[in-house]
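A.B. asks: Data file model25.txt (compact mmCIF, C-alpha atoms) is appended below.
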# COMPACT_ATOMS: atom_id res chain seq x y z
CA PHE A 1037 -22.30 -11.66 13.80
CA VAL A 1038 -18.67 -11.85 12.66
CA PHE A 1039 -19.58 -10.85 9.11
CA TYR A 1040 -21.59 -7.80 10.22
CA LYS A 1041 -18.88 -6.73 12.67
CA LEU A 1042 -16.33 -6.86 9.86
CA ILE A 1043 -18.60 -4.84 7.58
CA LYS A 1044 -19.21 -2.22 10.27
CA GLN A 1045 -15.50 -1.79 10.97
CA ALA A 1046 -14.60 -1.85 7.29
CA SER A 1047 -17.20 0.81 6.49
CA ILE A 1048 -15.35 3.26 8.76
CA LEU A 1049 -12.09 2.69 6.89
CA LEU A 1050 -13.91 2.57 3.58
CA GLY A 1051 -15.29 6.07 4.09
CA GLY A 1052 -11.81 7.42 4.73
CA ASN A 1053 -10.06 5.40 2.05
CA LEU A 1054 -12.66 6.13 -0.60
CA SER A 1055 -12.57 9.85 0.17
CA ALA A 1056 -8.78 9.82 0.05
CA SER A 1057 -8.78 7.82 -3.18
CA ILE A 1058 -11.14 10.27 -4.89
CA LEU A 1059 -9.01 13.20 -3.73
CA ASN A 1060 -5.85 11.46 -4.97
CA PHE A 1061 -7.59 10.72 -8.26
CA PHE A 1062 -8.23 14.43 -8.83
CA SER A 1063 -4.79 15.37 -7.52
CA VAL A 1064 -3.22 13.15 -10.20
CA ALA A 1065 -5.54 14.75 -12.76
CA ILE A 1066 -4.39 18.22 -11.66
CA ALA A 1067 -0.73 17.16 -11.77
CA ILE A 1068 -0.96 15.68 -15.27
CA LYS A 1069 -2.74 18.81 -16.55
CA ALA A 1070 -0.08 21.02 -14.94
CA LEU A 1071 2.94 19.02 -16.11
CA GLY A 1072 1.84 17.13 -19.23
CA ILE A 1073 2.29 13.37 -19.68
CA GLU A 1074 6.09 13.48 -20.21
CA LEU A 1075 6.95 15.58 -17.12
CA PHE A 1076 4.30 13.74 -15.12
CA GLY A 1077 6.18 10.56 -16.04
CA VAL A 1078 9.36 12.14 -14.65
CA ALA A 1079 7.58 13.01 -11.38
CA THR A 1080 6.20 9.45 -11.23
CA LEU A 1081 9.66 7.90 -11.59
CA LEU A 1082 11.12 10.18 -8.90
CA GLN A 1083 8.31 9.34 -6.48
CA ALA A 1084 8.54 5.64 -7.32
CA TYR A 1085 12.22 5.56 -6.28
CA ILE A 1086 11.39 6.87 -2.81
CA LEU A 1087 8.29 4.69 -2.45
CA VAL A 1088 10.17 1.53 -3.43
CA PHE A 1089 12.74 2.10 -0.68
CA SER A 1090 10.05 3.05 1.82
CA LEU A 1091 8.34 -0.27 1.07
CA CYS A 1092 11.59 -2.23 1.21
CA PHE A 1093 12.45 -0.92 4.65
CA ASN A 1094 8.96 -0.79 6.16
CA PRO A 1095 8.76 -4.21 7.85
CA LYS A 1096 4.96 -4.12 8.38
CA ALA A 1097 5.61 -5.61 11.80
CA TRP A 1098 2.14 -4.49 12.94
CA GLN A 1099 0.93 -7.90 11.74
CA GLY A 1100 3.22 -9.67 14.20
CA LEU A 1101 2.33 -7.15 16.91
CA ILE A 1102 -1.40 -7.92 16.58
CA LYS A 1103 -0.83 -11.67 16.40
CA TYR A 1104 1.35 -11.76 19.54
CA PHE A 1105 -0.74 -9.26 21.48
CA ASN A 1106 -3.35 -12.06 21.43
CA ILE A 1107 -0.79 -14.55 22.75
CA GLU A 1108 1.59 -12.66 25.08
CA LYS A 1109 0.48 -10.78 28.21
CA ASN A 1110 3.55 -8.53 28.27
CA LYS A 1111 2.51 -5.97 25.65
CA LYS A 1112 5.42 -3.69 26.55
CA ALA A 1113 8.00 -6.29 25.46
CA ILE A 1114 6.25 -6.79 22.11
CA ILE A 1115 6.15 -3.03 21.49
CA LYS A 1116 9.86 -2.69 22.33
CA LEU A 1117 10.81 -5.47 19.92
CA THR A 1118 8.72 -3.83 17.18
CA LEU A 1119 10.17 -0.36 17.81
CA ARG A 1120 13.72 -1.71 17.62
CA TYR A 1121 12.99 -3.45 14.32
CA ASP A 1122 11.40 -0.30 12.89
CA LEU A 1123 14.29 1.94 13.92
CA ILE A 1124 16.94 -0.33 12.39
CA CYS A 1125 14.98 -0.48 9.13
CA ALA A 1126 14.53 3.32 9.12
CA LEU A 1127 18.23 4.05 9.50
CA VAL A 1128 19.47 1.41 7.04
CA GLY A 1129 16.79 2.26 4.47
CA THR A 1130 17.55 5.97 4.45
CA VAL A 1131 21.30 5.43 4.05
CA VAL A 1132 20.86 2.88 1.21
CA ALA A 1133 18.37 5.14 -0.60
CA VAL A 1134 20.84 8.05 -0.51
CA LEU A 1135 23.71 5.88 -1.75
CA PHE A 1136 21.83 4.68 -4.85
CA THR A 1137 20.29 8.04 -5.77
CA ASP A 1138 22.92 9.11 -8.32
CA ILE A 1139 22.93 5.74 -10.09
CA TYR A 1140 19.14 5.81 -10.47
CA ALA A 1141 19.09 9.42 -11.64
CA GLN A 1142 21.80 8.81 -14.24
CA PHE A 1143 20.04 5.70 -15.60
CA PHE A 1144 16.88 7.68 -16.40
CA ASN A 1145 18.77 10.84 -17.40
CA LEU A 1146 17.33 12.65 -14.38
CA SER A 1147 20.59 13.80 -12.79
CA GLU A 1148 19.23 17.33 -12.40
CA TYR A 1149 16.89 15.92 -9.74
CA SER A 1150 19.55 14.08 -7.69
CA GLU A 1151 19.55 16.59 -4.83
CA LEU A 1152 15.76 16.55 -4.71
CA ILE A 1153 15.69 12.75 -4.40
CA LYS A 1154 18.30 12.80 -1.61
CA TRP A 1155 16.20 15.21 0.43
CA CYS A 1156 13.11 13.11 -0.22
CA THR A 1157 14.79 10.02 1.26
CA LEU A 1158 13.81 11.44 4.66
CA TYR A 1159 10.41 9.93 3.93
CA VAL A 1160 11.98 6.46 4.12
CA PHE A 1161 12.98 7.24 7.72
CA ILE A 1162 9.59 8.71 8.64
CA ASN A 1163 7.57 5.85 7.12
CA GLN A 1164 7.93 3.49 10.09
CA THR A 1165 4.43 2.84 11.36
CA SER A 1166 4.40 -0.72 12.71
CA VAL A 1167 3.66 0.17 16.34
CA ALA A 1168 1.15 2.92 15.53
CA ILE A 1169 -0.84 0.82 13.05
CA GLY A 1170 -0.63 -2.32 15.20
CA VAL A 1171 -1.84 -0.63 18.37
CA LEU A 1172 -4.61 1.32 16.63
CA ARG A 1173 -5.91 -1.78 14.87
CA TYR A 1174 -5.65 -3.91 18.00
CA THR A 1175 -7.66 -1.35 19.96
CA GLU A 1176 -10.06 -0.96 16.99
CA ARG A 1177 -9.31 2.73 16.49
CA TYR A 1178 -10.24 2.54 12.83
CA ARG A 1179 -11.42 6.14 12.62
CA ALA A 1180 -7.89 7.36 13.33
CA LEU A 1181 -6.51 5.09 10.61
CA ALA A 1182 -9.16 6.30 8.19
CA MET A 1183 -8.27 9.92 8.92
CA GLN A 1184 -4.61 9.31 8.09
CA SER A 1185 -5.32 8.77 4.40
CA VAL A 1186 -7.88 11.60 4.29
CA ILE A 1187 -5.47 14.13 5.83
CA SER A 1188 -2.65 13.19 3.42
CA ALA A 1189 -4.94 13.19 0.38
CA LEU A 1190 -6.67 16.48 1.25
CA LEU A 1191 -3.37 18.23 1.88
CA PHE A 1192 -1.88 17.04 -1.42
CA PHE A 1193 -5.05 17.99 -3.30
CA ILE A 1194 -4.80 21.57 -2.00
CA LEU A 1195 -1.06 21.75 -2.71
CA ALA A 1196 -1.51 20.25 -6.21
CA TRP A 1197 -4.19 22.83 -7.00
CA LEU A 1198 -1.84 25.62 -5.83
CA GLY A 1199 0.95 24.08 -7.92
CA GLN A 1200 -1.19 24.22 -11.04
CA TRP A 1201 -2.33 27.78 -10.26
CA TYR A 1202 1.23 29.06 -9.84
CA GLU A 1203 2.62 26.77 -12.59
CA PHE A 1204 5.16 25.03 -10.39
CA GLY A 1205 7.30 22.21 -11.80
CA VAL A 1206 8.26 18.62 -11.11
CA GLU A 1207 10.17 19.37 -7.90
CA TYR A 1208 7.12 20.94 -6.31
CA PHE A 1209 4.75 18.06 -7.08
CA VAL A 1210 7.22 15.39 -5.95
CA GLY A 1211 8.10 17.18 -2.72
CA THR A 1212 4.55 18.11 -1.70
CA TYR A 1213 3.31 14.57 -2.36
CA LEU A 1214 5.86 13.07 0.05
CA VAL A 1215 5.31 15.83 2.63
CA SER A 1216 1.57 15.11 2.55
CA LEU A 1217 2.18 11.40 3.16
CA SER A 1218 4.56 12.24 6.02
CA ILE A 1219 1.99 14.42 7.79
CA GLY A 1220 -0.53 11.55 7.65
CA ILE A 1221 2.06 9.25 9.25
CA ILE A 1222 2.80 11.77 12.01
CA TYR A 1223 -0.95 12.00 12.70
CA ILE A 1224 -1.38 8.27 13.43
CA GLN A 1225 1.82 8.26 15.49
CA LEU A 1226 0.29 10.95 17.72
CA CYS A 1227 -3.02 9.06 17.90
CA SER A 1228 -1.28 5.92 19.16
CA CYS A 1229 0.91 7.68 21.77
CA ASN A 1230 -1.63 7.42 24.62
CA TYR A 1231 -2.10 3.71 24.09
CA VAL A 1232 1.61 2.99 23.79
CA PHE A 1233 2.31 5.01 26.94
CA ARG A 1234 -0.42 3.08 28.76
CA TYR A 1235 1.17 -0.25 27.87
CA PHE A 1236 4.59 1.00 28.99
CA THR A 1237 3.31 2.26 32.36
CA ASN A 1238 1.10 -0.75 33.07
CA LYS A 1239 2.44 -2.22 36.32
CA THR A 1240 1.09 -5.68 35.57
CA ASN A 1241 3.89 -5.99 33.00
CA GLU A 1242 6.50 -5.83 35.74
CA ASN A 1243 5.79 -9.39 36.90
CA GLN A 1244 5.43 -10.79 33.40
CA THR A 1245 8.24 -11.81 31.12
CA ILE A 1246 8.41 -12.93 27.53
CA SER A 1247 10.35 -16.13 26.98
CA ARG A 1248 13.32 -16.43 24.64
CA ASP A 1249 11.36 -18.90 22.50
CA SER A 1250 8.50 -16.39 22.17
CA LYS A 1251 10.95 -13.70 21.09
CA LYS A 1252 12.44 -16.00 18.47
CA SER A 1253 8.99 -17.00 17.26
CA TYR A 1254 7.90 -13.36 17.09
CA ASN A 1255 11.01 -12.33 15.17
CA ARG A 1256 10.69 -15.26 12.75
CA PHE A 1257 7.10 -14.29 12.02
CA ASN A 1258 8.07 -10.66 11.36
CA TYR A 1259 10.99 -11.66 9.15
CA GLY A 1260 8.64 -13.82 7.12
CA VAL A 1261 6.13 -10.98 6.76
CA HIS A 1262 8.91 -8.56 5.80
CA LEU A 1263 10.32 -10.92 3.18
CA THR A 1264 6.84 -11.39 1.72
CA ALA A 1265 6.39 -7.62 1.57
CA LEU A 1266 9.75 -7.32 -0.20
CA ALA A 1267 8.72 -9.98 -2.70
CA ASP A 1268 5.49 -8.08 -3.39
CA ILE A 1269 7.19 -4.75 -4.15
CA PRO A 1270 7.27 -5.24 -7.95
CA VAL A 1271 3.47 -5.09 -8.23
CA LYS A 1272 3.29 -2.18 -5.74
CA GLN A 1273 5.87 0.28 -7.13
CA LEU A 1274 8.72 -1.36 -9.04
CA ASP A 1275 6.45 -2.04 -12.00
CA THR A 1276 6.22 1.71 -12.63
CA ILE A 1277 10.02 1.99 -12.76
CA LEU A 1278 10.22 -1.01 -15.11
CA VAL A 1279 7.65 0.56 -17.45
CA GLY A 1280 9.75 3.72 -17.56
CA ALA A 1281 12.88 1.67 -18.27
CA VAL A 1282 11.60 -0.70 -20.98
CA VAL A 1283 8.83 1.38 -22.59
CA SER A 1284 9.24 5.13 -22.01
CA VAL A 1285 9.06 7.86 -19.36
CA GLY A 1286 5.75 9.02 -20.82
CA ALA A 1287 4.36 5.48 -20.63
CA ALA A 1288 5.31 5.37 -16.94
CA GLY A 1289 3.17 8.46 -16.39
CA ALA A 1290 0.25 6.94 -18.32
CA TYR A 1291 0.64 3.69 -16.37
CA ARG A 1292 0.54 5.61 -13.09
CA VAL A 1293 -2.77 7.18 -14.15
CA ILE A 1294 -4.18 3.77 -15.12
CA LYS A 1295 -3.26 2.36 -11.71
CA GLN A 1296 -4.77 5.39 -9.99
CA ILE A 1297 -8.07 4.87 -11.83
CA ALA A 1298 -8.14 1.20 -10.86
CA THR A 1299 -7.41 2.09 -7.24
CA VAL A 1300 -10.57 4.19 -7.04
CA THR A 1301 -12.78 1.44 -8.47
CA THR A 1302 -11.57 -1.19 -5.99
CA LYS A 1303 -10.91 0.83 -2.83
CA VAL A 1304 -13.09 -1.43 -0.71
CA THR A 1305 -10.38 -4.10 -0.42
CA GLY A 1306 -7.97 -2.28 1.89
CA PRO A 1307 -10.46 -1.60 4.71
CA LEU A 1308 -11.84 -5.14 4.60
CA ASN A 1309 -8.38 -6.67 4.79
CA GLN A 1310 -7.38 -4.38 7.65
CA VAL A 1311 -10.31 -5.39 9.84
CA LEU A 1312 -10.29 -9.01 8.66
CA TYR A 1313 -6.77 -9.84 9.84
CA PRO A 1314 -7.21 -9.06 13.58
CA GLU A 1315 -10.67 -10.66 13.62
CA ILE A 1316 -9.45 -13.84 11.90
CA ASN A 1317 -6.69 -14.15 14.51
CA ASN A 1318 -9.31 -14.00 17.26
CA LEU A 1319 -11.49 -16.62 15.54
CA LEU A 1320 -8.53 -18.92 14.95
CA ALA A 1321 -7.69 -18.71 18.64
CA ASP A 1322 -11.25 -19.96 19.33
CA LYS A 1323 -11.00 -22.55 16.51
CA ALA A 1324 -14.13 -21.06 14.88
CA PHE A 1325 -13.25 -22.33 11.40
CA GLU A 1326 -16.81 -22.52 10.07
CA LYS A 1327 -17.41 -18.85 10.91
CA ILE A 1328 -14.26 -17.91 8.99
CA LYS A 1329 -15.38 -19.92 5.96
CA ILE A 1330 -18.85 -18.33 5.85
CA ALA A 1331 -17.47 -14.80 6.30
CA MET A 1332 -14.91 -15.38 3.53
CA LEU A 1333 -17.50 -16.53 1.00
CA LYS A 1334 -19.74 -13.56 1.75
CA LEU A 1335 -16.86 -11.11 1.49
CA ILE A 1336 -15.73 -12.46 -1.88
CA LEU A 1337 -19.24 -12.02 -3.26
CA LEU A 1338 -19.57 -8.58 -1.66
CA LEU A 1339 -16.33 -7.44 -3.30
CA ALA A 1340 -17.06 -8.87 -6.74
CA LEU A 1341 -20.43 -7.19 -7.35
CA PRO A 1342 -19.53 -3.49 -6.81
CA SER A 1343 -16.09 -3.90 -8.41
CA PHE A 1344 -17.43 -5.22 -11.72
CA PHE A 1345 -20.33 -2.75 -11.71
CA LEU A 1346 -17.94 0.19 -11.36
CA VAL A 1347 -15.68 -1.23 -14.08
CA LEU A 1348 -18.66 -1.59 -16.44
CA PHE A 1349 -19.78 1.99 -15.81
CA ALA A 1350 -16.24 3.39 -16.19
CA SER A 1351 -15.70 1.46 -19.44
CA LEU A 1352 -18.95 2.63 -21.04
CA THR A 1353 -18.28 6.28 -20.24
CA ILE A 1354 -14.51 6.33 -20.78
CA ASN A 1355 -14.66 8.65 -23.83
CA TYR A 1356 -16.26 11.35 -21.69
CA TRP A 1357 -14.49 11.32 -18.34
CA VAL A 1358 -10.86 10.70 -19.43
CA PRO A 1359 -10.52 13.93 -21.50
CA LEU A 1360 -12.59 15.86 -18.94
CA VAL A 1361 -10.66 14.78 -15.86
CA PHE A 1362 -7.19 14.13 -17.27
CA THR A 1363 -6.18 14.97 -20.82
CA HIS A 1364 -7.30 13.98 -24.32
CA GLU A 1365 -3.86 12.41 -24.93
CA LEU A 1366 -4.71 9.66 -22.47
CA LEU A 1367 -7.44 8.28 -24.75
CA MET A 1368 -4.70 6.65 -26.82
CA TYR A 1369 -4.52 4.17 -23.91
CA LYS A 1370 -8.31 3.67 -23.80
CA TRP A 1371 -8.38 -0.11 -24.24
CA GLN A 1372 -5.40 -0.60 -21.93
CA ILE A 1373 -7.31 1.25 -19.21
CA ILE A 1374 -10.43 -0.89 -19.68
CA THR A 1375 -8.40 -4.12 -19.70
CA PHE A 1376 -6.54 -3.18 -16.54
CA LEU A 1377 -9.80 -2.34 -14.77
CA ILE A 1378 -11.25 -5.76 -15.61
CA ILE A 1379 -8.13 -7.61 -14.45
CA HIS A 1380 -7.96 -5.58 -11.26
CA ALA A 1381 -11.65 -6.09 -10.46
CA ALA A 1382 -11.29 -9.87 -10.84
CA ALA A 1383 -8.30 -9.89 -8.48
CA THR A 1384 -10.11 -7.65 -6.03
CA ALA A 1385 -12.81 -10.22 -5.34
CA PHE A 1386 -10.22 -12.66 -4.00
CA THR A 1387 -8.15 -10.29 -1.84
CA PRO A 1388 -9.59 -11.61 1.49
CA ILE A 1389 -7.54 -14.75 0.83
CA HIS A 1390 -4.36 -12.91 1.81
CA PRO A 1391 -5.10 -11.97 5.47
CA VAL A 1392 -6.63 -15.39 6.19
CA PHE A 1393 -3.65 -17.20 4.64
CA LEU A 1394 -1.34 -15.05 6.79
CA ALA A 1395 -3.38 -15.50 9.97
CA LEU A 1396 -3.23 -19.29 9.50
CA GLY A 1397 0.55 -18.96 9.83
CA TYR A 1398 1.52 -19.82 6.25
CA VAL A 1399 4.16 -17.10 6.18
CA LYS A 1400 6.82 -19.18 4.41
CA LYS A 1401 4.38 -20.46 1.75
CA LEU A 1402 3.08 -16.91 1.22
CA PHE A 1403 6.62 -15.68 0.71
CA TYR A 1404 7.35 -18.28 -1.98
CA ILE A 1405 4.04 -17.62 -3.77
CA THR A 1406 4.63 -13.86 -3.73
CA LEU A 1407 8.27 -14.18 -4.78
CA VAL A 1408 7.59 -16.47 -7.75
CA SER A 1409 4.59 -14.49 -9.02
CA ASN A 1410 6.49 -11.19 -8.82
CA ILE A 1411 9.58 -12.60 -10.51
CA ILE A 1412 7.31 -13.68 -13.36
CA LEU A 1413 5.82 -10.16 -13.38
CA CYS A 1414 9.24 -8.52 -13.73
CA ILE A 1415 10.47 -10.96 -16.39
CA SER A 1416 7.25 -10.57 -18.38
CA ILE A 1417 7.46 -6.76 -18.29
CA VAL A 1418 11.10 -6.79 -19.39
CA PHE A 1419 10.44 -9.17 -22.30
CA LEU A 1420 6.97 -8.07 -23.42
CA GLY A 1421 7.20 -4.33 -22.67
CA PRO A 1422 9.63 -3.43 -25.49
CA LYS A 1423 7.59 -5.53 -27.98
CA VAL A 1424 3.96 -4.60 -27.28
CA GLU A 1425 4.49 -1.70 -24.84
CA LEU A 1426 1.71 -1.31 -22.22
CA TRP A 1427 -0.11 -4.41 -23.49
CA GLY A 1428 2.92 -6.41 -22.42
CA VAL A 1429 2.77 -4.85 -18.97
CA LEU A 1430 -0.94 -5.74 -18.67
CA ILE A 1431 -0.26 -9.35 -19.66
CA ALA A 1432 2.46 -9.48 -16.99
CA ILE A 1433 0.11 -8.14 -14.32
CA PHE A 1434 -2.60 -10.63 -15.30
CA LEU A 1435 -0.14 -13.52 -14.90
CA GLN A 1436 0.99 -12.18 -11.51
CA TYR A 1437 -2.56 -11.85 -10.19
CA LEU A 1438 -3.59 -15.26 -11.55
CA LEU A 1439 -0.65 -17.10 -10.00
CA THR A 1440 -1.11 -15.41 -6.63
CA VAL A 1441 -4.83 -16.20 -6.40
CA LEU A 1442 -4.41 -19.79 -7.59
Could you write out this file's structure as structure tokens?
C.D. replies:
Amino acid sequence: FVFYKLIKQASILLGGNLSASILNFFSVAIAIKALGIELFGVATLLQAYILVFSLCFNPKAWQGLIKYFNIEKNKKAIIKLTLRYDLICALVGTVVAVLFTDIYAQFFNLSEYSELIKWCTLYVFINQTSVAIGVLRYTERYRALAMQSVISALLFFILAWLGQWYEFGVEYFVGTYLVSLSIGIIYIQLCSCNYVFRYFTNKTNENQTISRDSKKSYNRFNYGVHLTALADIPVKQLDTILVGAVVSVGAAGAYRVIKQIATVTTKVTGPLNQVLYPEINNLLADKAFEKIKIAMLKLILLLALPSFFLVLFASLTINYWVPLVFTHELLMYKWQIITFLIIHAAATAFTPIHPVFLALGYVKKLFYITLVSNIILCISIVFLGPKVELWGVLIAIFLQYLLTVL
């Protein structure tokens, strides 16, 4: 029953995520055709700067919110604690991002885009979604979450197509991408408003209090999750910046395309993890360990089969779809693309480990694992990138995935 419930919920998110991923795939293809690999690399580095800061200062406190919604009766107090954390992160993150803009732009010889980056730091402030995501997942409003990615992806696809038609430049593609993401965030905020308002106006909360120990426990959990998210940033966005720094700006653009291709082939992981985490918390509360074990084994097998099938198909037909969808220049990275797809597919099969490990409360252990594996990733890219270029980056990613899974 648990397995089929997870699959049903994940299928809702999968439909949205897969649709969004396909749209983003073609949006990247449009952008690289419009700008060329070199200018696309510039756009990638500008976006990566904003996305790194948005990840740094997005605490992902929805995980703590879901966990403590199952423990504490006073939902209002949990929401208030989460909102406060989000707001502090939003303000600090935006200010820090603005302060470091000129240094980053000068390092990559992109000073002409300094003003653009400063305006784009508003996205760091907007990208605070802990309460919205937590409430929507807790109430199983997965359709709303699925629509967030679809709305953002569809909007950017349309804007990218217009950008190619009117031959707009780097500024247009960077700005419209972040605006599209922002509109998706605003959408889920609006979807969660009714539920948040209901928790705040619930009179049963008036006679319920949250103890000081519970607050400390909740904050410690969120700090642990946030630190783990910070430690995982290199493999999420910082790797793109490192490729641009130690290889070339053009290589950063090519690497972004490679990652985008891999994202399409393994898009099933996000939805499964999103529905798995709340469900695992419920099962742990009931001490249903055997059910968790069986569901995990089935999910790993379910993820492995389609991932490797898609990788095989993409590898066999790579000479046809890469020039058709992107550009013939990208075929110079043919074997790097195939290698990355294989590595990513192997890692995909084991992604359900993460939400279960977190739900079991191993926040500190998860932080150390993530920190060490990502430090090795960064060091490997810095040392191997200048010597063997993108092959060095792929070796670094393989080591990072392997250490994390083990």
A.B. asks: From the set A:Cys1092, A:Ile1169, A:Pro1422, A:Ile1114, which residue has the shortest atom-to-atom contact distance to Phe1236 of chain A, counting only C-alpha atoms?
C.D. replies: A:Ile1114
A.B. asks: Which of these, A:Val1392, A:Ser1218, A:Glu1148, A:Ala1113, has the shortest distance to Arg1248 of chain A once you count all atoms listed in the file?
C.D. replies: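 Nearest to Arg1248 of chain A: A:Ala1113.
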A.B. asks: Could you please determine the separation between atom CA of Ser1188 of chain A and atom CA of Ser1055 of chain A in Å, to one decimal place?
C.D. replies: 11.0 Å
A.B. asks: Considering all atoms listed in the file, return as an NGL selection string whatever protein or nucleic-acid residues lie within 10 Å of Gly1211 of chain A, sequence-local ones (same chain, fewer than 6 positions apart) excluded.
C.D. replies: :A and (1079 or 1082-1083 or 1152-1153 or 1155-1156)
A.B. asks: Could you jot down the atom CA of Ala1067 of chain A to atom CA of Trp1357 of chain A separation for me, Å, one decimal place?
C.D. replies: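 The value is 16.3 Å.
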A.B. asks: How many Å separate atom CA of Ile1316 of chain A from atom CA of Tyr1254 of chain A?
C.D. replies: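 Taking atom CA of Ile1316 of chain A and atom CA of Tyr1254 of chain A, their separation equals 18.1 Å.
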A.B. asks: Which residues are near segment 1376-1382 of chain A? Cut-off 8 Å, only C-alpha atoms, ignore same chain within fewer than 6 positions. Put them as a PyMOL selection string.
C.D. replies: chain A and resi 1294+1297-1298+1301-1302+1340+1343-1344+1347+1430+1434
A.B. asks: Kindly export the residues of the current selection with C-alpha atoms, as a CSV table (one decimal), keeping the file's coordinate frame.
C.D. replies:
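Result file follows (again-v5.csv):
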chain,number,residue,atom,x,y,z
A,1294,ILE,CA,-4.2,3.8,-15.1
A,1297,ILE,CA,-8.1,4.9,-11.8
A,1298,ALA,CA,-8.1,1.2,-10.9
A,1301,THR,CA,-12.8,1.4,-8.5
A,1302,THR,CA,-11.6,-1.2,-6.0
A,1340,ALA,CA,-17.1,-8.9,-6.7
A,1343,SER,CA,-16.1,-3.9,-8.4
A,1344,PHE,CA,-17.4,-5.2,-11.7
A,1347,VAL,CA,-15.7,-1.2,-14.1
A,1430,LEU,CA,-0.9,-5.7,-18.7
A,1434,PHE,CA,-2.6,-10.6,-15.3
A.B. asks: Taking 5 positions as the minimum chain separation for residues in the same chain, which residues sit within 12 Å of Phe1136 of chain A when counting all atoms listed in the file? Answer as a PyMOL selection string.
C.D. replies: chain A and resi 1085-1086+1089+1129-1131+1141-1143+1150+1153-1154+1157
A.B. asks: If we count all atoms listed in the file and set the cut-off at 9 Å, which residues sit around Tyr1174 of chain A, ignoring sequence neighbours fewer than 5 positions away in its own chain? Please answer as a list in words.
C.D. replies: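 These residues fall inside the cut-off: Leu1101, Ile1102, Phe1105, Ile1169 and Pro1314 of chain A.
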A.B. asks: Restricting it to C-alpha atoms, dump the selection as a PDB file, keeping the file's coordinate frame.
C.D. replies:
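Resulting contents of result.pdb:
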ATOM      1  CA  LEU A1101       2.330  -7.150  16.910  1.00  0.00           C
ATOM      2  CA  ILE A1102      -1.400  -7.920  16.580  1.00  0.00           C
ATOM      3  CA  PHE A1105      -0.740  -9.260  21.480  1.00  0.00           C
ATOM      4  CA  ILE A1169      -0.840   0.820  13.050  1.00  0.00           C
ATOM      5  CA  PRO A1314      -7.210  -9.060  13.580  1.00  0.00           C
TER       6      PRO A1314
END
A.B. asks: Rank nothing, just name the residue among A:Ser1090, A:Ser1185, A:Asn1060, A:Asn1106 nearest to Ile1224 of chain A, using only C-alpha atoms.
C.D. replies: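 Nearest candidate to Ile1224 of chain A out of A:Ser1090, A:Ser1185, A:Asn1060, A:Asn1106: A:Ser1185.
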A.B. asks: Env of segment 1257-1266 of chain A: 8 Å cut, atoms = only C-alpha atoms, seq-sep filter 6 positions within chain, self excluded. Answer as a compact mmCIF listing (two decimals) with C-alpha atoms, in the frame of the given file.
C.D. replies:
# COMPACT_ATOMS: atom_id res chain seq x y z
CA LEU A 1091 8.34 -0.27 1.07
CA CYS A 1092 11.59 -2.23 1.21
CA ASN A 1094 8.96 -0.79 6.16
CA PRO A 1095 8.76 -4.21 7.85
CA LYS A 1096 4.96 -4.12 8.38
CA ALA A 1097 5.61 -5.61 11.80
CA GLN A 1099 0.93 -7.90 11.74
CA GLY A 1100 3.22 -9.67 14.20
CA VAL A 1399 4.16 -17.10 6.18
CA LYS A 1400 6.82 -19.18 4.41
CA LEU A 1402 3.08 -16.91 1.22
CA PHE A 1403 6.62 -15.68 0.71
CA TYR A 1404 7.35 -18.28 -1.98
CA THR A 1406 4.63 -13.86 -3.73
CA LEU A 1407 8.27 -14.18 -4.78
A.B. asks: Would you mind telling me which residue in A:Val1128, A:Leu1191, A:Val1088, A:Val1441 lies nearest to Ala1056 of chain A when using all atoms listed in the file?
C.D. replies: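 Smallest separation from Ala1056 of chain A among the options: A:Leu1191.
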A.B. asks: Using only C-alpha atoms, which residue out of A:Met1332, A:Leu1366, A:Leu1226, A:Val1206 lies closest to Ala1065 of chain A?
C.D. replies: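 Of the candidates, the smallest distance to Ala1065 of chain A is held by A:Leu1366.
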A.B. asks: Restricting the calculation to all atoms listed in the file: of A:Ile1373, A:Ala1324, A:Ala1168, A:Cys1227, which residue gets closest to Ile1115 of chain A?
C.D. replies: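 Result for the nearest residue to Ile1115 of chain A: A:Ala1168.
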